[in-house]
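Below is the file structure04.txt, which contains compact mmCIF, C-alpha atoms.
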```
# COMPACT_ATOMS: atom_id res chain seq x y z
CA MET Z 1 0.00 0.00 0.00
CA GLN Z 2 1.32 3.46 -0.89
CA ASP Z 3 1.65 6.08 1.79
CA ALA Z 4 -1.11 8.70 1.62
CA SER Z 5 -0.08 12.26 0.83
CA PRO Z 6 -1.18 14.49 3.73
CA GLY Z 7 -1.10 17.67 1.65
CA ARG Z 8 -3.45 16.35 -1.01
CA PHE Z 9 -5.70 14.79 1.59
CA VAL Z 10 -6.02 18.10 3.48
CA LEU Z 11 -6.77 19.93 0.22
CA ARG Z 12 -9.48 17.39 -0.64
CA VAL Z 13 -11.02 17.77 2.84
CA ALA Z 14 -11.00 21.57 2.42
CA ALA Z 15 -12.64 21.20 -1.00
CA TRP Z 16 -15.41 18.89 0.24
CA LEU Z 17 -16.13 20.76 3.46
CA PRO Z 18 -18.16 23.74 2.07
CA LEU Z 19 -20.35 21.41 -0.01
CA ALA Z 20 -20.79 19.04 2.91
CA PHE Z 21 -21.85 21.93 5.19
CA LEU Z 22 -24.32 23.20 2.57
CA VAL Z 23 -25.94 19.78 2.11
CA TRP Z 24 -26.02 19.18 5.88
CA TYR Z 25 -27.68 22.55 6.52
CA LEU Z 26 -30.27 22.17 3.75
CA ALA Z 27 -31.01 18.58 4.74
CA GLY Z 28 -31.26 19.56 8.42
CA PRO Z 29 -34.98 18.82 8.79
CA VAL Z 30 -34.65 15.39 7.13
CA LEU Z 31 -31.57 14.46 9.16
CA ALA Z 32 -33.32 15.65 12.32
CA TRP Z 33 -36.35 13.38 11.86
CA PRO Z 34 -34.73 10.08 13.02
CA ILE Z 35 -32.95 12.06 15.76
CA ALA Z 36 -36.31 13.43 16.94
CA LEU Z 37 -37.70 9.88 17.10
CA LEU Z 38 -34.63 8.72 19.03
CA THR Z 39 -34.85 11.67 21.41
CA GLU Z 40 -38.52 10.97 22.06
CA GLY Z 41 -37.82 7.26 22.57
CA VAL Z 42 -34.98 7.90 25.01
CA THR Z 43 -36.84 10.54 27.00
CA ARG Z 44 -40.01 8.46 27.21
CA LEU Z 45 -38.00 5.44 28.31
CA ALA Z 46 -35.70 7.12 30.82
CA PHE Z 47 -37.70 10.16 31.96
CA SER Z 48 -41.30 9.17 31.31
CA ASP Z 49 -42.53 11.18 34.30
CA LEU Z 50 -40.88 14.36 32.95
CA ILE Z 51 -41.83 14.21 29.26
CA GLN Z 52 -45.11 14.64 27.42
CA GLY Z 53 -43.68 14.52 23.92
CA VAL Z 54 -41.20 15.78 21.34
CA GLU Z 55 -42.28 17.96 18.41
CA GLN Z 56 -40.15 18.72 15.37
CA GLN Z 57 -40.11 22.00 13.44
CA GLY Z 58 -37.39 21.82 10.80
CA HIS Z 59 -34.09 21.26 12.57
CA LEU Z 60 -35.54 22.39 15.91
CA LEU Z 61 -37.12 20.06 18.45
CA THR Z 62 -39.50 21.15 21.18
CA ILE Z 63 -39.40 18.84 24.17
CA VAL Z 64 -42.65 19.26 26.06
CA SER Z 65 -42.25 18.44 29.73
CA THR Z 66 -44.78 17.69 32.44
CA LEU Z 67 -43.23 20.42 34.64
CA LYS Z 68 -45.55 23.23 35.60
CA PRO Z 69 -44.38 26.84 35.67
CA THR Z 70 -44.90 28.46 39.05
CA LEU Z 71 -45.22 32.12 39.87
CA ALA Z 72 -43.50 33.44 42.97
CA THR Z 73 -45.78 36.44 43.27
CA THR Z 74 -49.12 34.69 43.43
CA GLU Z 75 -50.56 31.61 45.05
CA GLN Z 76 -52.68 30.89 42.02
CA ASN Z 77 -51.47 27.86 40.08
CA ALA Z 78 -50.08 28.68 36.67
CA THR Z 79 -51.47 26.80 33.70
CA GLY Z 80 -49.48 25.14 30.95
CA VAL Z 81 -46.25 23.19 31.03
CA ILE Z 82 -42.57 23.97 30.46
CA SER Z 83 -41.31 23.36 26.91
CA VAL Z 84 -37.66 23.41 25.89
CA GLU Z 85 -36.57 24.11 22.32
CA VAL Z 86 -33.33 22.43 21.27
CA ASN Z 87 -31.35 22.77 18.04
CA THR Z 88 -30.25 19.51 16.39
CA LEU Z 89 -27.63 21.37 14.30
CA LEU Z 90 -25.72 22.29 17.47
CA TYR Z 91 -24.94 18.63 18.08
CA SER Z 92 -24.71 17.31 14.52
CA PHE Z 93 -22.14 19.64 12.90
CA GLY Z 94 -19.70 16.74 13.00
CA LEU Z 95 -21.67 15.09 10.17
CA PRO Z 96 -20.37 17.44 7.42
CA MET Z 97 -16.89 17.09 8.89
CA LEU Z 98 -17.23 13.30 8.68
CA ALA Z 99 -18.58 13.53 5.12
CA ALA Z 100 -15.62 15.66 4.01
CA LEU Z 101 -13.16 13.24 5.63
CA VAL Z 102 -14.81 10.15 4.13
CA LEU Z 103 -15.02 11.62 0.63
CA ALA Z 104 -11.46 13.00 0.80
CA ALA Z 105 -10.05 9.62 1.82
CA ARG Z 106 -11.34 8.04 -1.42
CA GLU Z 107 -11.77 4.63 0.18
CA PRO Z 108 -14.28 2.14 -1.25
CA HIS Z 109 -18.01 2.40 -0.42
CA PRO Z 110 -18.12 6.01 0.87
CA LEU Z 111 -21.94 6.14 0.81
CA ARG Z 112 -22.20 3.02 2.96
CA THR Z 113 -19.67 4.51 5.38
CA LEU Z 114 -21.63 7.77 5.56
CA LEU Z 115 -24.91 5.97 6.25
CA LEU Z 116 -23.22 3.89 8.92
CA GLY Z 117 -21.70 7.07 10.34
CA TYR Z 118 -25.10 8.71 10.56
CA ALA Z 119 -26.52 5.61 12.28
CA VAL Z 120 -23.67 5.68 14.82
CA LEU Z 121 -23.71 9.44 15.41
CA ALA Z 122 -27.50 9.99 15.58
CA PRO Z 123 -27.79 8.47 19.09
CA LEU Z 124 -24.94 10.73 20.25
CA VAL Z 125 -26.78 13.76 18.86
CA ALA Z 126 -29.84 12.58 20.80
CA TRP Z 127 -27.58 12.36 23.90
CA GLY Z 128 -26.68 16.02 23.49
CA LEU Z 129 -30.31 17.07 23.03
CA VAL Z 130 -31.58 15.13 26.04
CA ALA Z 131 -28.69 16.39 28.19
CA GLU Z 132 -29.44 19.98 27.15
CA PHE Z 133 -33.13 19.52 27.98
CA LEU Z 134 -32.25 18.14 31.43
CA LYS Z 135 -29.65 20.85 32.05
CA ARG Z 136 -32.13 23.58 31.18
CA VAL Z 137 -34.97 22.29 33.34
CA VAL Z 138 -32.62 21.61 36.27
CA PHE Z 139 -30.30 24.65 36.13
CA ASP Z 140 -32.01 27.34 34.03
CA THR Z 141 -35.51 27.35 35.51
CA ALA Z 142 -36.88 28.74 38.77
CA PRO Z 143 -36.04 26.59 41.82
CA SER Z 144 -39.72 25.73 42.19
CA VAL Z 145 -39.72 24.25 38.68
CA ALA Z 146 -36.36 22.49 39.06
CA ALA Z 147 -37.59 20.95 42.32
CA GLN Z 148 -40.38 19.17 40.41
CA THR Z 149 -37.76 17.05 38.59
CA GLY Z 150 -36.82 15.40 41.89
CA PHE Z 151 -33.13 15.15 40.96
CA GLY Z 152 -30.66 14.96 43.87
CA PRO Z 153 -27.24 16.64 44.05
CA LEU Z 154 -25.39 13.70 42.47
CA GLN Z 155 -27.88 13.46 39.63
CA ARG Z 156 -27.54 17.20 39.02
CA GLU Z 157 -23.75 16.80 38.81
CA ALA Z 158 -24.19 13.92 36.37
CA ILE Z 159 -26.53 16.04 34.23
CA ALA Z 160 -24.01 18.91 34.20
CA PHE Z 161 -21.22 16.54 33.12
CA ALA Z 162 -23.42 14.83 30.49
CA TYR Z 163 -24.36 18.22 29.06
CA GLN Z 164 -20.77 19.50 28.91
CA PHE Z 165 -19.56 16.22 27.41
CA GLY Z 166 -22.44 16.13 24.93
CA ALA Z 167 -21.91 19.73 23.86
CA LEU Z 168 -18.13 20.15 23.91
CA ILE Z 169 -16.65 16.73 23.18
CA LEU Z 170 -19.06 14.31 21.48
CA PRO Z 171 -20.15 16.40 18.44
CA THR Z 172 -16.60 16.68 17.12
CA VAL Z 173 -14.70 13.79 18.67
CA ALA Z 174 -17.23 11.06 17.80
CA PRO Z 175 -17.09 11.70 14.01
CA ALA Z 176 -13.27 11.84 14.13
CA VAL Z 177 -13.09 8.56 16.09
CA PHE Z 178 -15.59 6.93 13.71
CA TRP Z 179 -13.54 8.07 10.72
CA VAL Z 180 -10.26 6.73 12.13
CA LEU Z 181 -11.91 3.40 12.99
CA THR Z 182 -13.40 2.99 9.52
CA HIS Z 183 -10.20 4.18 7.76
CA ARG Z 184 -7.56 2.25 9.67
CA ARG Z 185 -5.73 1.20 6.48
CA PHE Z 186 -5.74 4.79 5.26
CA VAL Z 187 -4.36 6.03 8.60
CA GLU Z 188 -1.71 3.29 8.50
CA GLY Z 189 -0.80 4.57 5.03
CA PHE Z 190 0.25 7.86 6.62
CA ARG Z 191 3.02 6.17 8.51
CA VAL Z 192 6.41 6.10 6.86
CA ARG Z 193 8.13 2.74 6.81
CA ASN Z 194 11.31 2.51 8.86
CA GLY Z 195 14.26 3.21 6.63
CA ALA Z 196 12.08 3.94 3.61
CA GLY Z 197 11.59 7.36 2.06
CA LYS Z 198 8.25 9.13 2.08
CA ALA Z 199 6.13 8.01 -0.83
CA SER Z 200 3.71 10.37 -2.50
CA MET M 1 -5.84 -0.16 17.75
CA VAL M 2 -8.38 -1.31 20.37
CA ARG M 3 -5.87 -0.60 23.13
CA PHE M 4 -5.21 2.84 21.68
CA PHE M 5 -8.90 3.72 21.55
CA LEU M 6 -9.57 2.50 25.07
CA GLY M 7 -6.61 4.51 26.34
CA PHE M 8 -7.74 7.53 24.34
CA LEU M 9 -11.29 7.40 25.72
CA VAL M 10 -10.14 6.91 29.32
CA LEU M 11 -7.53 9.70 29.11
CA GLN M 12 -9.99 12.04 27.45
CA ALA M 13 -12.69 11.42 30.05
CA LEU M 14 -10.16 11.93 32.86
CA LEU M 15 -8.74 15.15 31.40
CA PHE M 16 -12.18 16.51 30.56
CA GLY M 17 -13.46 15.66 34.05
CA ALA M 18 -10.39 17.36 35.55
CA GLU M 19 -10.96 20.43 33.37
CA LEU M 20 -14.46 20.86 34.78
CA THR M 21 -13.30 20.93 38.42
CA PRO M 22 -13.39 24.36 40.10
CA TRP M 23 -9.64 24.09 40.80
CA ALA M 24 -8.74 23.59 37.13
CA GLN M 25 -11.17 26.31 36.07
CA ARG M 26 -9.67 28.79 38.51
CA TRP M 27 -5.98 28.03 38.03
CA PHE M 28 -5.83 26.94 34.41
CA VAL M 29 -8.92 27.51 32.22
CA VAL M 30 -9.73 31.10 33.27
CA PRO M 31 -6.09 32.35 33.15
CA TRP M 32 -5.58 30.59 29.81
CA THR M 33 -8.76 32.11 28.35
CA ASP M 34 -7.71 35.57 29.53
CA THR M 35 -4.28 35.04 27.97
CA LEU M 36 -5.92 33.97 24.72
CA ALA M 37 -7.97 37.19 24.66
CA ALA M 38 -4.83 39.23 25.41
CA ILE M 39 -2.83 37.51 22.65
CA SER M 40 -5.69 37.99 20.17
CA ALA M 41 -5.96 41.68 21.12
CA GLY M 42 -2.18 42.06 20.80
CA ILE M 43 -2.25 40.67 17.24
CA VAL M 44 -5.31 42.69 16.20
CA LYS M 45 -3.85 45.92 17.61
CA VAL M 46 -1.14 45.79 14.94
CA PHE M 47 -3.72 46.81 12.32
CA ASP M 48 -6.67 47.89 14.51
CA PRO M 49 -5.30 49.91 17.48
CA GLY M 50 -8.73 50.53 19.06
CA VAL M 51 -9.21 46.88 20.08
CA MET M 52 -8.78 45.94 23.71
CA ALA M 53 -8.98 42.86 25.91
CA ASP M 54 -10.66 42.83 29.30
CA GLY M 55 -10.41 39.41 30.91
CA LYS M 56 -11.86 36.94 28.42
CA VAL M 57 -13.59 39.70 26.41
CA LEU M 58 -12.21 41.12 23.17
CA GLN M 59 -13.78 44.50 22.41
CA SER M 60 -13.72 47.01 19.58
CA GLY M 61 -13.07 50.57 20.71
CA SER M 62 -14.71 52.02 17.60
CA ASN M 63 -18.16 50.37 17.63
CA GLY M 64 -18.28 48.63 21.02
CA PHE M 65 -18.73 45.14 19.51
CA ALA M 66 -17.30 42.49 21.82
CA VAL M 67 -16.83 38.75 21.88
CA SER M 68 -16.50 36.76 25.08
CA ILE M 69 -14.35 33.64 24.83
CA GLU M 70 -16.40 30.91 26.50
CA ALA M 71 -15.89 27.20 27.14
CA GLY M 72 -15.56 25.40 23.84
CA CYS M 73 -13.98 28.45 22.19
CA ASN M 74 -10.78 28.60 24.23
CA GLY M 75 -9.27 25.54 22.55
CA VAL M 76 -8.92 23.69 25.85
CA GLU M 77 -11.21 20.81 24.83
CA ALA M 78 -9.49 20.48 21.45
CA THR M 79 -6.13 20.40 23.22
CA ILE M 80 -7.42 17.73 25.60
CA VAL M 81 -8.45 15.56 22.63
CA LEU M 82 -5.02 15.99 21.02
CA VAL M 83 -3.17 15.26 24.27
CA ALA M 84 -5.26 12.11 24.85
CA ALA M 85 -4.72 10.94 21.24
CA ILE M 86 -0.94 11.44 21.36
CA LEU M 87 -0.45 9.99 24.84
CA ALA M 88 -2.59 6.93 24.07
CA PHE M 89 -0.82 6.11 20.79
CA PRO M 90 2.12 3.70 21.08
CA ALA M 91 5.28 5.76 20.54
CA HIS M 92 8.51 6.73 22.29
CA TRP M 93 8.06 9.37 25.01
CA LYS M 94 10.46 11.72 23.22
CA ARG M 95 8.30 11.65 20.09
CA LYS M 96 5.18 12.15 22.18
CA LEU M 97 6.71 15.21 23.81
CA VAL M 98 7.64 16.72 20.44
CA GLY M 99 4.16 15.92 19.08
CA LEU M 100 2.48 17.51 22.09
CA THR M 101 4.58 20.67 21.91
CA ILE M 102 4.13 21.27 18.19
CA GLY M 103 0.52 20.03 18.20
CA ILE M 104 -0.62 22.28 21.03
CA VAL M 105 0.97 25.29 19.32
CA ALA M 106 -0.78 24.35 16.04
CA VAL M 107 -4.19 23.91 17.69
CA GLN M 108 -3.95 27.07 19.78
CA GLY M 109 -2.58 29.01 16.80
CA LEU M 110 -5.63 28.12 14.72
CA ASN M 111 -7.82 28.92 17.72
CA ILE M 112 -6.42 32.46 17.82
CA ILE M 113 -7.32 32.77 14.12
CA ARG M 114 -10.82 31.55 15.06
CA VAL M 115 -11.24 34.19 17.77
CA ILE M 116 -9.99 37.01 15.55
CA SER M 117 -12.04 35.92 12.52
CA LEU M 118 -15.21 35.65 14.64
CA PHE M 119 -14.50 39.07 16.14
CA TYR M 120 -14.55 40.66 12.68
CA LEU M 121 -17.27 38.40 11.27
CA GLY M 122 -19.59 39.49 14.09
CA GLN M 123 -19.05 43.15 13.22
CA TRP M 124 -19.99 42.42 9.61
CA SER M 125 -22.97 40.04 10.02
CA PHE M 126 -24.34 38.45 13.16
CA ASP M 127 -25.95 35.60 11.17
CA ALA M 128 -22.61 34.75 9.58
CA PHE M 129 -20.96 34.98 13.01
CA ASP M 130 -23.56 32.63 14.48
CA PHE M 131 -23.13 30.01 11.75
CA ALA M 132 -19.35 30.16 11.81
CA HIS M 133 -19.19 30.19 15.59
CA GLN M 134 -21.65 27.42 16.31
CA TYR M 135 -20.89 25.01 13.47
CA VAL M 136 -18.01 25.75 11.09
CA TRP M 137 -15.19 26.70 13.44
CA GLN M 138 -16.02 23.86 15.84
CA ALA M 139 -15.55 21.39 12.99
CA LEU M 140 -12.43 23.16 11.67
CA ILE M 141 -10.70 23.03 15.05
CA MET M 142 -11.38 19.31 15.38
CA LEU M 143 -10.18 18.76 11.81
CA ASP M 144 -7.01 20.60 12.84
CA VAL M 145 -6.60 18.23 15.78
CA LEU M 146 -7.14 15.20 13.55
CA ILE M 147 -4.73 16.41 10.87
CA VAL M 148 -2.06 17.34 13.44
CA TRP M 149 -2.44 13.86 14.95
CA LEU M 150 -2.24 12.20 11.50
CA LEU M 151 0.90 14.19 10.67
CA TRP M 152 2.42 13.20 13.99
CA VAL M 153 1.54 9.56 13.34
CA ARG M 154 3.24 9.94 9.96
CA THR M 155 6.51 10.83 11.67
CA LEU M 156 6.46 7.58 13.64
CA PRO M 157 8.48 4.74 12.19
CA ARG M 158 6.80 1.45 11.45
CA ALA M 159 8.50 -1.85 10.92
CA MET M 160 9.38 -2.80 7.35
CA PRO M 161 7.71 -6.03 6.24
CA ALA M 162 10.13 -8.91 6.19
CA PRO M 163 11.72 -9.35 2.73
CA ALA M 164 10.45 -12.27 0.76
CA ALA M 165 12.88 -15.18 0.40
CA ALA M 166 14.56 -15.29 -3.01
```
Whole structure, structure tokens version:
Amino acid sequence: MQDASPGRFVLRVAAWLPLAFLVWYLAGPVLAWPIALLTEGVTRLAFSDLIQGVEQQGHLLTIVSTLKPTLATTEQNATGVISVEVNTLLYSFGLPMLAALVLAAREPHPLRTLLLGYAVLAPLVAWGLVAEFLKRVVFDTAPSVAAQTGFGPLQREAIAFAYQFGALILPTVAPAVFWVLTHRRFVEGFRVRNGAGKAS
Amino acid sequence: MVRFFLGFLVLQALLFGAELTPWAQRWFVVPWTDTLAAISAGIVKVFDPGVMADGKVLQSGSNGFAVSIEAGCNGVEATIVLVAAILAFPAHWKRKLVGLTIGIVAVQGLNIIRVISLFYLGQWSFDAFDFAHQYVWQALIMLDVLIVWLLWVRTLPRAMPAPAAA
């Protein structure tokens, strides 16, 4: 196997990236649909007492909770429930990055790899969305609303960590890890053989 | 490869967990973010003297526009990923040290370009700033980490296959 040329590979990634971002942005609502289903499934399974449903509008999801808003200035019960709007694009911007990497590597079956990548990354996007929903109802609402969730101090810490990890690490690291795992031969091709010159 | 990935994930989780502790925030993340703002202001001042840095905020003296460098934009997480990837990969410690030194400079160098570009993009169009800030630059920084790691891996020797018997 010939060594890959890093310069050409980087140029190909840079060439594919704008197109990949454009397609990802335009296809946002379609890509968000399975993620919305996953998010609803996960929240209904794990937090059934907190969730009424998940509604999709384009690339935005509205997670409707069972939590009731309370007013500190009156004893009258407020009507309605708390809804949290989350943006699927905020957690899925690694998809165009993955697409550019896959297409630039020119390995066989890129479409199959991309579909597999989406299947692997979609649950991680759902992780980010659920963690943001939990973080917002626990930390960004009035104490009287947050108290309705019933989360203890340890659970609140876990939610904070899950949110930070889901927002800062997973969206970019997961696609990179997936790409390296599915392009191990390509990555090996970057390494120069001991005693041999660099091949182009 | 499996060993590398397990090591990478464990190291990354440990470093990221450590980064979130109040101690690390106070003694490392906040001072680093302030330094990043100061370096960015220092570079920008060469051609735009009205720009100033106040803590983690980079502000224009002419129109008052300011950007605050928050978690995720200070390059700390990207650096953590690079450090975990280099430390977990099987290589001599000397090569790891060289890779870490050059790699961290490369990642933080691009991050300074990110901060400065967003600072000017925001003054031109907030929509463009939003898109670049939330999606494009996040991906570019991680691509930088991946490419730096690939280039470092390229410098590592690998055993030649045994010559076939004549």
Can you sort out the box for range 40-50 of chain M, edges along x, y and z, all listed atoms in, 5 Å on every side, with centre and edge lengths in Å to one decimal, as JSON?
```
{"center_x": -4.9, "center_y": 44.3, "center_z": 16.7, "size_x": 17.6, "size_y": 22.5, "size_z": 18.8}
```
*Pull out every residue of chain Z sitting within 9 Å of chain M, counting all atoms listed in the file, and send them as JSON, numbers by chain.*
{"Z": [6, 10, 21, 89, 90, 91, 92, 93, 94, 96, 97, 101, 161, 164, 165, 167, 168, 169, 171, 172, 173, 176, 177, 181, 184, 187, 188, 189, 190, 191, 192, 193, 194, 195, 196]}
Could you save those same residues with C-alpha atoms as a PDB file, keeping the file's coordinate frame?
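Heads up, here's the output in out22.pdb:
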```pdb
ATOM      1  CA  PRO Z   6      -1.180  14.490   3.730  1.00  0.00           C
ATOM      2  CA  VAL Z  10      -6.020  18.100   3.480  1.00  0.00           C
ATOM      3  CA  PHE Z  21     -21.850  21.930   5.190  1.00  0.00           C
ATOM      4  CA  LEU Z  89     -27.630  21.370  14.300  1.00  0.00           C
ATOM      5  CA  LEU Z  90     -25.720  22.290  17.470  1.00  0.00           C
ATOM      6  CA  TYR Z  91     -24.940  18.630  18.080  1.00  0.00           C
ATOM      7  CA  SER Z  92     -24.710  17.310  14.520  1.00  0.00           C
ATOM      8  CA  PHE Z  93     -22.140  19.640  12.900  1.00  0.00           C
ATOM      9  CA  GLY Z  94     -19.700  16.740  13.000  1.00  0.00           C
ATOM     10  CA  PRO Z  96     -20.370  17.440   7.420  1.00  0.00           C
ATOM     11  CA  MET Z  97     -16.890  17.090   8.890  1.00  0.00           C
ATOM     12  CA  LEU Z 101     -13.160  13.240   5.630  1.00  0.00           C
ATOM     13  CA  PHE Z 161     -21.220  16.540  33.120  1.00  0.00           C
ATOM     14  CA  GLN Z 164     -20.770  19.500  28.910  1.00  0.00           C
ATOM     15  CA  PHE Z 165     -19.560  16.220  27.410  1.00  0.00           C
ATOM     16  CA  ALA Z 167     -21.910  19.730  23.860  1.00  0.00           C
ATOM     17  CA  LEU Z 168     -18.130  20.150  23.910  1.00  0.00           C
ATOM     18  CA  ILE Z 169     -16.650  16.730  23.180  1.00  0.00           C
ATOM     19  CA  PRO Z 171     -20.150  16.400  18.440  1.00  0.00           C
ATOM     20  CA  THR Z 172     -16.600  16.680  17.120  1.00  0.00           C
ATOM     21  CA  VAL Z 173     -14.700  13.790  18.670  1.00  0.00           C
ATOM     22  CA  ALA Z 176     -13.270  11.840  14.130  1.00  0.00           C
ATOM     23  CA  VAL Z 177     -13.090   8.560  16.090  1.00  0.00           C
ATOM     24  CA  LEU Z 181     -11.910   3.400  12.990  1.00  0.00           C
ATOM     25  CA  ARG Z 184      -7.560   2.250   9.670  1.00  0.00           C
ATOM     26  CA  VAL Z 187      -4.360   6.030   8.600  1.00  0.00           C
ATOM     27  CA  GLU Z 188      -1.710   3.290   8.500  1.00  0.00           C
ATOM     28  CA  GLY Z 189      -0.800   4.570   5.030  1.00  0.00           C
ATOM     29  CA  PHE Z 190       0.250   7.860   6.620  1.00  0.00           C
ATOM     30  CA  ARG Z 191       3.020   6.170   8.510  1.00  0.00           C
ATOM     31  CA  VAL Z 192       6.410   6.100   6.860  1.00  0.00           C
ATOM     32  CA  ARG Z 193       8.130   2.740   6.810  1.00  0.00           C
ATOM     33  CA  ASN Z 194      11.310   2.510   8.860  1.00  0.00           C
ATOM     34  CA  GLY Z 195      14.260   3.210   6.630  1.00  0.00           C
ATOM     35  CA  ALA Z 196      12.080   3.940   3.610  1.00  0.00           C
TER      36      ALA Z 196
END
```
_Ranking Z:Ala15, Z:Leu31, Z:Leu134, Z:Leu124 by minimum distance to Ala174 in chain Z and counting only C-alpha atoms, which one comes first?_
Z:Leu124
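CA of Val180 in chain Z is found 13.9 Å from CA of Arg3 in chain M.
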*Residues at most 9 Å from Ala53 in chain M, counting only C-alpha atoms, excluding those fewer than 3 positions away in the same chain, as a PyMOL selection string?*
chain M and resi 34+37-42+56-60
